[in-house]
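Student: Provided herewith: model.tsv, TSV, C-alpha atoms.
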chain	number	residue	atom	x	y	z
H	173	MET	CA	38.25	32.34	-8.86
H	174	ARG	CA	38.98	31.39	-5.26
H	175	PHE	CA	37.32	32.89	-2.18
H	176	GLU	CA	38.10	32.43	1.51
H	177	VAL	CA	34.86	33.12	3.34
H	178	THR	CA	33.86	33.79	6.96
H	179	ARG	CA	30.60	34.67	8.72
H	180	GLU	CA	31.79	38.27	8.90
H	181	LYS	CA	32.69	38.37	5.21
H	182	PRO	CA	30.23	36.00	3.49
H	183	LEU	CA	30.54	35.04	-0.14
H	184	HIS	CA	27.60	37.11	-1.39
H	185	GLN	CA	29.21	40.25	0.04
H	186	GLN	CA	32.59	39.49	-1.51
H	187	LEU	CA	30.95	38.98	-4.90
H	188	SER	CA	28.78	42.09	-4.68
H	189	GLY	CA	31.28	44.28	-6.55
H	190	LEU	CA	31.88	41.78	-9.35
H	191	ASP	CA	29.95	40.86	-12.48
H	192	CYS	CA	28.96	37.44	-11.14
H	193	HIS	CA	27.27	36.32	-14.32
H	194	LEU	CA	30.61	36.18	-16.15
H	195	ILE	CA	32.27	33.80	-13.67
H	196	ASP	CA	32.50	30.24	-15.03
H	197	GLU	CA	34.50	28.58	-12.23
H	198	ILE	CA	34.63	29.17	-8.48
H	199	THR	CA	36.31	27.66	-5.42
H	200	VAL	CA	35.05	28.42	-1.92
H	201	LYS	CA	36.84	27.81	1.38
H	202	GLY	CA	35.24	28.31	4.78
H	203	PHE	CA	31.64	29.36	5.41
H	204	LEU	CA	28.40	29.32	3.36
H	205	CYS	CA	24.92	30.58	4.25
H	206	ASP	CA	21.51	30.59	2.54
H	207	ALA	CA	22.23	33.88	0.74
H	208	ASP	CA	25.46	32.42	-0.64
H	209	TYR	CA	23.67	29.35	-1.97
H	210	GLU	CA	21.01	31.56	-3.55
H	211	LEU	CA	23.66	33.57	-5.38
H	212	LEU	CA	25.57	30.47	-6.57
H	213	THR	CA	22.27	29.06	-7.84
H	214	GLU	CA	21.58	32.23	-9.78
H	215	MET	CA	25.11	32.27	-11.20
H	216	SER	CA	24.75	28.71	-12.51
H	217	GLY	CA	21.21	29.18	-13.83
H	218	ALA	CA	19.97	30.07	-17.29
H	219	ASP	CA	21.24	33.67	-17.10
H	220	GLY	CA	24.60	32.78	-15.56
H	221	ASN	CA	27.81	31.20	-16.76
H	222	LEU	CA	29.00	29.22	-13.72
H	223	ARG	CA	29.87	25.68	-14.79
H	224	THR	CA	32.28	24.38	-12.14
H	225	ILE	CA	31.96	24.76	-8.35
H	226	ASP	CA	34.49	23.48	-5.81
H	227	LEU	CA	33.16	23.40	-2.23
H	228	TYR	CA	35.61	20.81	-0.93
H	229	GLU	CA	37.07	23.17	1.71
H	230	VAL	CA	33.73	24.46	2.98
H	231	ASN	CA	33.82	23.61	6.70
H	232	GLU	CA	30.74	25.39	8.08
H	233	THR	CA	27.26	26.27	6.87
H	234	ASP	CA	24.28	28.14	8.25
H	235	CYS	CA	21.36	27.19	6.04
H	236	HIS	CA	17.93	25.62	6.00
H	237	CYS	CA	18.11	21.92	5.17
H	238	GLU	CA	15.07	19.71	5.74
H	239	TYR	CA	14.46	16.11	4.96
H	240	GLU	CA	11.19	14.56	3.87
H	241	TYR	CA	9.01	15.11	6.91
H	242	GLY	CA	9.97	18.69	7.63
H	243	ALA	CA	12.31	18.09	10.55
H	244	GLN	CA	15.30	20.36	10.14
H	245	GLU	CA	18.61	18.56	10.02
H	246	GLN	CA	20.92	19.45	12.91
H	247	VAL	CA	24.18	19.34	10.99
H	248	SER	CA	27.31	21.43	10.70
H	249	ILE	CA	27.71	21.26	6.94
H	250	ALA	CA	24.80	20.99	4.49
H	251	ILE	CA	23.67	21.90	1.01
H	252	ALA	CA	20.63	24.15	1.50
H	253	ASP	CA	17.11	23.33	0.35
H	254	PHE	CA	16.54	24.55	-3.22
H	255	ALA	CA	20.25	25.25	-3.73
H	256	PHE	CA	21.26	24.70	-7.36
H	257	GLU	CA	17.70	23.87	-8.41
H	258	ASN	CA	17.50	24.32	-12.19
H	259	SER	CA	21.17	25.28	-12.38
H	260	VAL	CA	21.19	24.39	-16.06
H	261	LYS	CA	24.75	25.66	-16.68
H	262	LEU	CA	26.28	23.60	-13.87
H	263	LYS	CA	28.40	20.69	-15.14
H	264	ARG	CA	30.57	19.77	-12.18
H	265	ILE	CA	30.47	20.27	-8.42
H	266	ILE	CA	32.82	19.04	-5.72
H	267	LEU	CA	30.96	18.62	-2.44
H	268	PRO	CA	32.38	19.61	0.97
H	269	LYS	CA	34.75	17.03	2.41
H	270	PHE	CA	32.68	16.65	5.59
H	271	LEU	CA	29.21	17.22	4.14
H	272	GLU	CA	26.43	15.70	6.26
H	273	ALA	CA	23.16	16.48	4.45
H	274	ILE	CA	21.82	17.42	1.02
H	275	GLY	CA	18.51	19.26	1.08
H	276	SER	CA	15.41	19.12	-1.09
H	277	PRO	CA	15.03	19.59	-4.03
H	278	THR	CA	18.70	20.48	-4.26
H	279	PHE	CA	20.21	20.01	-7.76
H	280	GLY	CA	16.82	19.15	-9.27
H	281	GLY	CA	16.72	20.04	-12.96
H	282	CYS	CA	20.51	20.30	-13.39
H	283	VAL	CA	20.35	18.91	-16.91
H	284	ASN	CA	24.10	19.19	-17.60
H	285	LEU	CA	25.35	17.97	-14.23
H	286	LYS	CA	27.40	14.79	-14.36
H	287	GLY	CA	28.17	12.31	-11.60
H	288	ILE	CA	29.02	13.44	-8.09
H	289	ASP	CA	31.33	11.83	-5.56
H	290	PHE	CA	29.56	11.62	-2.21
H	291	PRO	CA	31.77	12.13	0.86
H	292	GLU	CA	31.82	9.40	3.49
H	293	SER	CA	30.35	11.79	6.07
H	294	LEU	CA	27.05	12.17	4.17
H	295	ARG	CA	24.04	11.17	6.30
H	296	SER	CA	20.99	11.99	4.18
H	297	ILE	CA	19.90	12.93	0.66
H	298	GLY	CA	16.64	14.87	0.52
H	299	SER	CA	13.49	14.34	-1.55
H	300	GLU	CA	13.92	15.06	-5.28
H	301	ALA	CA	17.52	16.08	-4.59
H	302	PHE	CA	18.83	14.99	-7.99
H	303	GLN	CA	15.56	14.70	-9.90
H	304	CYS	CA	15.72	15.37	-13.65
H	305	CYS	CA	19.52	15.24	-14.03
H	306	PRO	CA	19.64	13.12	-17.24
H	307	ASN	CA	23.46	13.15	-17.54
H	308	PHE	CA	24.03	11.85	-14.04
H	309	GLY	CA	24.70	8.27	-15.18
H	310	GLU	CA	25.55	5.54	-12.68
H	311	ILE	CA	25.50	6.44	-9.01
H	312	TYR	CA	28.10	5.02	-6.66
H	313	ILE	CA	27.18	4.56	-2.99
H	314	GLY	CA	30.18	3.30	-1.05
H	315	LYS	CA	30.11	0.99	1.96
H	316	LYS	CA	31.99	3.55	4.08
H	317	LEU	CA	29.32	6.14	3.42
H	318	ASN	CA	27.52	7.13	6.60
H	319	LEU	CA	24.33	7.45	4.56
H	320	GLY	CA	21.23	6.48	6.51
H	321	ASN	CA	18.48	8.02	4.40
H	322	ILE	CA	17.82	8.48	0.69
H	323	TYR	CA	14.41	10.06	0.52
H	324	ASP	CA	11.71	9.69	-2.13
H	325	CYS	CA	12.38	10.54	-5.76
H	326	ALA	CA	15.96	11.54	-4.94
H	327	PHE	CA	17.25	10.24	-8.29
H	328	THR	CA	14.10	10.15	-10.45
H	329	ASP	CA	14.84	10.78	-14.14
H	330	SER	CA	18.55	10.76	-13.35
H	331	ALA	CA	20.03	7.38	-12.48
H	332	SER	CA	20.90	4.82	-15.13
H	333	GLY	CA	22.11	2.46	-12.42
H	334	PHE	CA	23.30	2.15	-8.83
H	335	ILE	CA	26.62	0.65	-7.80
H	336	CYS	CA	27.63	-0.19	-4.24
H	337	ASP	CA	30.76	-1.83	-2.87
H	338	TRP	CA	28.68	-5.00	-2.49
H	339	ASN	CA	27.41	-5.36	-6.04
H	340	GLN	CA	25.73	-8.78	-6.13
H	341	TRP	CA	22.83	-10.61	-4.52
H	342	PRO	CA	24.06	-11.42	-0.99
H	343	VAL	CA	22.43	-14.85	-0.66
H	344	ASN	CA	22.94	-18.01	-2.74
H	345	LYS	CA	20.19	-20.31	-4.03
H	346	GLU	CA	20.30	-22.33	-0.81
H	347	GLY	CA	19.61	-19.21	1.22
H	348	GLU	CA	23.13	-19.06	2.63
H	349	PRO	CA	24.79	-15.63	2.95
H	350	LEU	CA	27.72	-14.94	0.65
H	351	TYR	CA	29.15	-12.06	2.64
H	352	LYS	CA	31.69	-12.48	5.41
H	353	GLU	CA	31.40	-9.07	7.06
H	354	ASP	CA	28.23	-7.66	8.58
H	355	GLY	CA	25.50	-7.75	5.95
H	356	ASN	CA	23.61	-4.53	6.53
H	357	GLY	CA	23.11	-1.23	4.75
H	358	PHE	CA	22.89	-0.55	1.03
H	359	PHE	CA	23.90	-2.96	-1.71
H	360	SER	CA	23.28	-3.13	-5.45
H	361	HIS	CA	22.24	-5.87	-7.84
H	362	ASP	CA	21.77	-5.48	-11.60
H	363	GLY	CA	21.95	-1.72	-11.18
H	364	VAL	CA	19.15	-1.61	-8.57
H	365	LEU	CA	19.61	-0.25	-5.04
H	366	PHE	CA	18.60	-2.42	-2.05
H	367	PHE	CA	18.78	-2.00	1.70
H	368	GLY	CA	18.74	-4.52	4.49
H	369	PHE	CA	19.51	-4.70	8.18
H	370	GLU	CA	20.17	-8.43	7.69
H	371	TRP	CA	20.82	-9.26	4.05
H	372	ASP	CA	19.88	-12.91	4.43
H	373	GLU	CA	16.64	-12.10	6.29
H	374	ASP	CA	15.33	-8.59	5.59
H	375	ILE	CA	15.78	-6.92	2.19
H	376	ASP	CA	13.98	-3.88	0.77
H	377	LEU	CA	14.08	-2.64	-2.80
H	378	GLU	CA	14.90	1.05	-2.37
H	379	LYS	CA	15.45	2.54	-5.83
H	380	TYR	CA	15.11	1.24	-9.37
H	381	PRO	CA	17.11	3.40	-11.81
H	382	SER	CA	14.46	5.24	-13.82
H	383	ASN	CA	16.76	5.71	-16.83
H	384	HIS	CA	17.74	2.04	-17.15
H	385	GLU	CA	16.73	0.77	-20.60
H	386	ARG	CA	15.56	-2.76	-19.81
H	387	ASN	CA	11.90	-3.58	-20.50
H	388	ILE	CA	11.32	-6.44	-18.04
H	389	TYR	CA	12.50	-6.59	-14.45
H	390	HIS	CA	12.35	-9.66	-12.19
H	391	VAL	CA	12.55	-8.47	-8.59
H	392	PRO	CA	15.00	-10.93	-6.97
H	393	SER	CA	13.67	-13.66	-4.71
H	394	GLY	CA	14.33	-12.69	-1.12
H	395	THR	CA	13.09	-9.13	-1.52
H	396	GLU	CA	10.45	-8.54	1.14
H	397	SER	CA	9.19	-5.02	0.48
H	398	ILE	CA	9.15	-2.26	-2.12
H	399	LYS	CA	9.82	1.20	-0.70
H	400	TYR	CA	8.37	4.62	-1.48
H	401	GLY	CA	9.20	5.85	-4.98
H	402	ALA	CA	11.12	2.66	-5.83
H	403	PHE	CA	9.63	2.48	-9.33
H	404	ASN	CA	9.14	6.16	-10.09
H	405	ASN	CA	8.90	7.33	-13.71
H	406	CYS	CA	10.71	4.26	-15.05
H	407	LYS	CA	10.24	5.21	-18.67
H	408	TYR	CA	11.40	1.93	-20.28
H	409	LEU	CA	9.78	-0.72	-18.07
H	410	HIS	CA	6.96	-2.77	-19.62
H	411	LYS	CA	6.71	-5.57	-17.07
H	412	ILE	CA	7.62	-6.05	-13.39
H	413	ILE	CA	7.56	-9.49	-11.77
H	414	PHE	CA	7.47	-9.69	-7.97
H	415	PRO	CA	8.66	-12.87	-6.21
H	416	GLU	CA	6.79	-14.94	-3.66
H	417	SER	CA	8.88	-13.38	-0.89
H	418	CYS	CA	7.61	-9.87	-1.64
H	419	GLY	CA	4.54	-9.13	0.46
H	420	VAL	CA	4.63	-5.38	1.09
H	421	LEU	CA	4.31	-2.35	-1.18
H	422	THR	CA	4.75	1.09	0.38
H	423	THR	CA	2.75	4.16	-0.59
H	424	GLY	CA	4.01	5.45	-3.95
H	425	SER	CA	5.94	2.26	-4.79
H	426	ILE	CA	5.00	2.29	-8.47
H	427	CYS	CA	4.07	5.61	-10.03
H	428	GLY	CA	4.39	7.48	-13.29
H	429	CYS	CA	5.71	4.56	-15.38
H	430	PRO	CA	4.49	5.54	-18.87
H	431	GLU	CA	5.18	2.23	-20.67
H	432	LEU	CA	4.29	-0.22	-17.91
H	433	GLU	CA	1.83	-2.85	-19.21
H	434	THR	CA	2.00	-5.85	-16.86
H	435	LEU	CA	2.44	-6.50	-13.13
H	436	ILE	CA	2.86	-10.03	-11.78
H	437	PHE	CA	2.67	-10.78	-8.05
H	438	LYS	CA	3.70	-14.33	-7.11
H	439	GLY	CA	3.11	-14.07	-3.37
H	440	GLN	CA	0.09	-15.41	-1.52
H	441	VAL	CA	-0.02	-12.30	0.66
H	442	LEU	CA	0.20	-8.65	-0.38
H	443	ASP	CA	-0.29	-5.62	1.82
H	444	GLY	CA	0.36	-1.88	1.83
H	445	GLU	CA	2.60	0.09	4.15
H	446	ARG	CA	2.81	3.68	5.33
H	447	VAL	CA	5.84	5.74	4.39
H	448	HIS	CA	6.28	7.02	7.92
H	449	HIS	CA	4.93	5.97	11.29
H	450	MET	CA	3.30	9.40	11.63
H	451	ASP	CA	1.12	8.79	8.56
H	452	LEU	CA	-2.43	7.70	9.36
H	453	PHE	CA	-2.93	5.63	6.20
H	454	TRP	CA	-1.20	4.17	3.21
H	455	ASP	CA	-2.62	4.88	-0.25
H	456	ASN	CA	-1.63	5.66	-3.85
H	457	VAL	CA	0.57	2.58	-3.98
H	458	ILE	CA	0.28	2.18	-7.77
H	459	THR	CA	-0.67	5.29	-9.73
H	460	ASN	CA	-0.39	7.02	-13.10
H	461	CYS	CA	0.53	4.02	-15.26
H	462	PRO	CA	-1.67	4.75	-18.31
H	463	LYS	CA	-0.68	1.68	-20.35
H	464	LEU	CA	-1.17	-0.87	-17.58
H	465	GLN	CA	-3.34	-3.65	-19.07
H	466	ASP	CA	-2.80	-6.82	-17.02
H	467	ILE	CA	-2.29	-7.64	-13.36
H	468	TYR	CA	-1.55	-11.26	-12.37
H	469	LEU	CA	-2.12	-12.42	-8.79
H	470	TYR	CA	-0.93	-15.86	-7.72
H	471	ALA	CA	-2.87	-15.59	-4.46
H	472	GLU	CA	-5.79	-18.01	-4.25
H	473	GLU	CA	-7.53	-16.12	-1.43
H	474	PRO	CA	-8.58	-12.52	-2.14
H	475	SER	CA	-8.73	-11.84	1.60
H	476	ASN	CA	-4.92	-12.10	1.64
H	477	ILE	CA	-4.55	-9.28	-0.89
H	478	SER	CA	-5.19	-5.66	0.10
H	479	PHE	CA	-7.35	-4.22	-2.64
H	480	GLY	CA	-6.20	-0.77	-1.54
H	481	ILE	CA	-2.95	-1.38	-3.41
H	482	PHE	CA	-4.86	-1.10	-6.69
H	483	GLU	CA	-7.79	1.17	-5.86
H	484	ASP	CA	-6.07	4.43	-6.85
H	485	LEU	CA	-5.36	3.27	-10.40
H	486	GLY	CA	-7.19	5.80	-12.54
H	487	ASN	CA	-7.54	3.29	-15.38
H	488	ILE	CA	-8.58	0.29	-13.25
H	489	GLY	CA	-11.68	-0.19	-15.42
H	490	ASP	CA	-9.41	-0.91	-18.41
H	491	ILE	CA	-7.21	-3.46	-16.64
H	492	ILE	CA	-7.74	-7.24	-16.71
H	493	LEU	CA	-7.16	-9.02	-13.41
H	494	HIS	CA	-5.75	-12.55	-13.78
H	495	VAL	CA	-6.16	-14.96	-10.87
H	496	PRO	CA	-5.40	-18.71	-10.45
H	497	CYS	CA	-7.67	-21.40	-11.84
H	498	PHE	CA	-10.93	-21.85	-9.91
H	499	CYS	CA	-10.45	-18.53	-8.08
H	500	ALA	CA	-12.20	-16.00	-10.30
H	501	GLN	CA	-15.54	-16.39	-8.54
H	502	LYS	CA	-13.90	-15.88	-5.15
H	503	TYR	CA	-12.54	-12.54	-6.30
H	504	ARG	CA	-15.80	-11.47	-7.93
H	505	GLN	CA	-17.79	-12.14	-4.76
H	506	HIS	CA	-15.26	-10.99	-2.19
H	507	GLU	CA	-16.35	-7.95	-0.18
H	508	GLU	CA	-14.10	-5.38	1.46
H	509	GLU	CA	-15.22	-3.51	4.57
H	510	TYR	CA	-15.17	0.29	4.38
H	511	ILE	CA	-15.67	2.27	7.59
H	512	ASN	CA	-16.69	5.92	7.79
H	513	VAL	CA	-13.82	7.73	9.56
H	514	ALA	CA	-16.27	10.08	11.26
H	515	ASN	CA	-18.57	7.26	12.38
H	516	SER	CA	-17.12	3.83	13.05
H	517	ASP	CA	-20.61	2.31	13.11
H	518	ASP	CA	-21.16	3.36	9.49
H	519	LYS	CA	-19.81	0.39	7.53
H	520	LYS	CA	-20.13	-0.65	3.91
H	521	TYR	CA	-19.23	-3.89	2.20
H	522	ILE	CA	-18.19	-3.51	-1.43
H	523	LYS	CA	-17.31	-6.09	-4.08
H	524	CYS	CA	-14.30	-4.02	-4.99
H	525	TRP	CA	-12.53	-6.51	-7.27
H	526	GLN	CA	-15.33	-6.04	-9.77
H	527	ARG	CA	-13.92	-2.59	-10.53
H	528	PHE	CA	-11.46	-4.27	-12.89
H	529	LYS	CA	-12.44	-4.58	-16.54
H	530	ARG	CA	-12.88	-8.31	-16.00
H	531	ILE	CA	-11.43	-11.15	-13.98
H	532	GLU	CA	-9.88	-14.07	-15.84
H	533	GLU	CA	-8.23	-17.29	-14.71
H	534	PHE	CA	-4.74	-18.50	-15.57
H	535	ASP	CA	-2.59	-21.48	-14.64
H	536	PRO	CA	0.41	-20.41	-12.52
H	537	ILE	CA	2.14	-23.69	-13.36
H	538	ASP	CA	2.25	-22.74	-17.04
H	539	PHE	CA	3.72	-19.40	-16.05
H	540	PHE	CA	6.35	-21.10	-13.90
H	541	GLU	CA	7.35	-23.48	-16.72
H	542	ASN	CA	7.75	-20.51	-19.04
H	543	GLY	CA	10.05	-18.77	-16.55
H	544	ILE	CA	7.55	-16.07	-15.60
Output the file's structure as structure tokens, nothing else.
Tutor:
Amino acid sequence: MRFEVTREKPLHQQLSGLDCHLIDEITVKGFLCDADYELLTEMSGADGNLRTIDLYEVNETDCHCEYEYGAQEQVSIAIADFAFENSVKLKRIILPKFLEAIGSPTFGGCVNLKGIDFPESLRSIGSEAFQCCPNFGEIYIGKKLNLGNIYDCAFTDSASGFICDWNQWPVNKEGEPLYKEDGNGFFSHDGVLFFGFEWDEDIDLEKYPSNHERNIYHVPSGTESIKYGAFNNCKYLHKIIFPESCGVLTTGSICGCPELETLIFKGQVLDGERVHHMDLFWDNVITNCPKLQDIYLYAEEPSNISFGIFEDLGNIGDIILHVPCFCAQKYRQHEEEYINVANSDDKKYIKCWQRFKRIEEFDPIDFFENGI
């Protein structure tokens, strides 16, 4: 069924005299508002029958669409917050040609929804926008896309891989850039999504595909930071190896990985980072990894490693910390300063590394020779 819609005659009014729950396919041209999105969501939910939605000719919306920090998007065309959440009957949707923003948690729980083509006009994808869409498959993010923001958990439990127009590591072994055009924006490598303002200088790991079936992942050398929700609910990963170049983990970098057993950090420096400049602190960097058994640190000086990265691990007392030869005693005796927020003169010094089950020494050279 096809509907031409205006502000004066919105979609929900035009459908009011019909048995909406019998409609299995709909095309909309013109205007959509919050009430329209609510009705379409209901029609494609458990009690509806709507399987295909074509919004390509939608050219105006009036709806609430926020991104992660609650600032409402000032856009002309958007998919409203909570639109199509748990639309379990929905299999296919064509987005508006000039769509600018997708809200949160739009499309979350659409278990039968398959891949979507994102229009080049798209500027942001909200938190949890496509969470728990197991049939989504590989996600293509084109170079011409105007996409500036993909917020946390946008594709958790959905993506099996990410593909961009630049689909290889942008720097060779000598550190020379392989690209000829401007190297900035999103790119993919081995199915993982990265972002950089300068690909040969500044690279962040944005999203690891949570449905990818590999067990071990070597973060590529040259990656400098791991962003919020990068490794979120990666159900198949057993081991992650971070290169020497990686020195920053953002709040929520690694969380909810049920099979994760080993983390290896090759850098001599490791620090946490806030998600947003308005946040007062960073915390909960690594959480809810119940099978985590071993953490390897190549750093010889514990003062160069922020213990806060590990302090929110609920099972820290069951995890063995491995440090380089002749460094175990340094870690056991190292004290972190804790300051009372209400009273800056109230300070405590705690031997925090002793919270691990035990601290053992290993030889990084042996690891290097074995390709780890």
Student: Around the point (-0.4, -12.5, -13.0), in the coordinates given by the file, pick out the residues reaching within 6 Å, counting all atoms listed in the file, and return them as a list in words.
Tutor: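 Nearby residues: Ile436, Ile467, Tyr468, Leu469 and His494 of chain H.
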Student: Rounded to one decimal, what separation in Å do you get between atom CA of H:Asp226 and atom CA of H:Phe175?
Tutor: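 Taking atom CA of H:Asp226 and atom CA of H:Phe175, their separation equals 10.5 Å.
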Student: In terms of the shortest atom-to-atom distance over all atoms listed in the file, which of H:Lys201, H:His236, H:Arg174, H:His410 is closest to H:Thr278?
Tutor: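 Ranked by minimum distance to H:Thr278, first place goes to H:His236.
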Student: Which polymer residues have any atom within 12 Å of an atom of H:Leu464, counting all atoms listed in the file, with same-chain residues fewer than 5 positions away left out, as a ChimeraX atom specification?
Tutor: /H:409-412,426-436,458-459,482,485-493,528-529
Student: Check the smallest atom-to-atom distance from each of H:Glu507, H:Glu445, H:Glu238, H:Asp289 to H:Ser475 using all atoms listed in the file, then report the winner.
Tutor: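 Closest to H:Ser475 of all the choices is H:Glu507.
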Student: Neighbouring residues of H:Glu176 were defined as those with any atom within 12 Å, considering only C-alpha atoms; residues of the same chain fewer than 6 positions away were excluded. Please report them as a PyMOL selection string.
Tutor: chain H and resi 182-187+198-204+227+229-231
Student: What gap, in Å, lies between atom CA of H:Asp538 and atom CA of H:Gly419?
Tutor: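 Here the two named atoms are 22.3 Å from each other.
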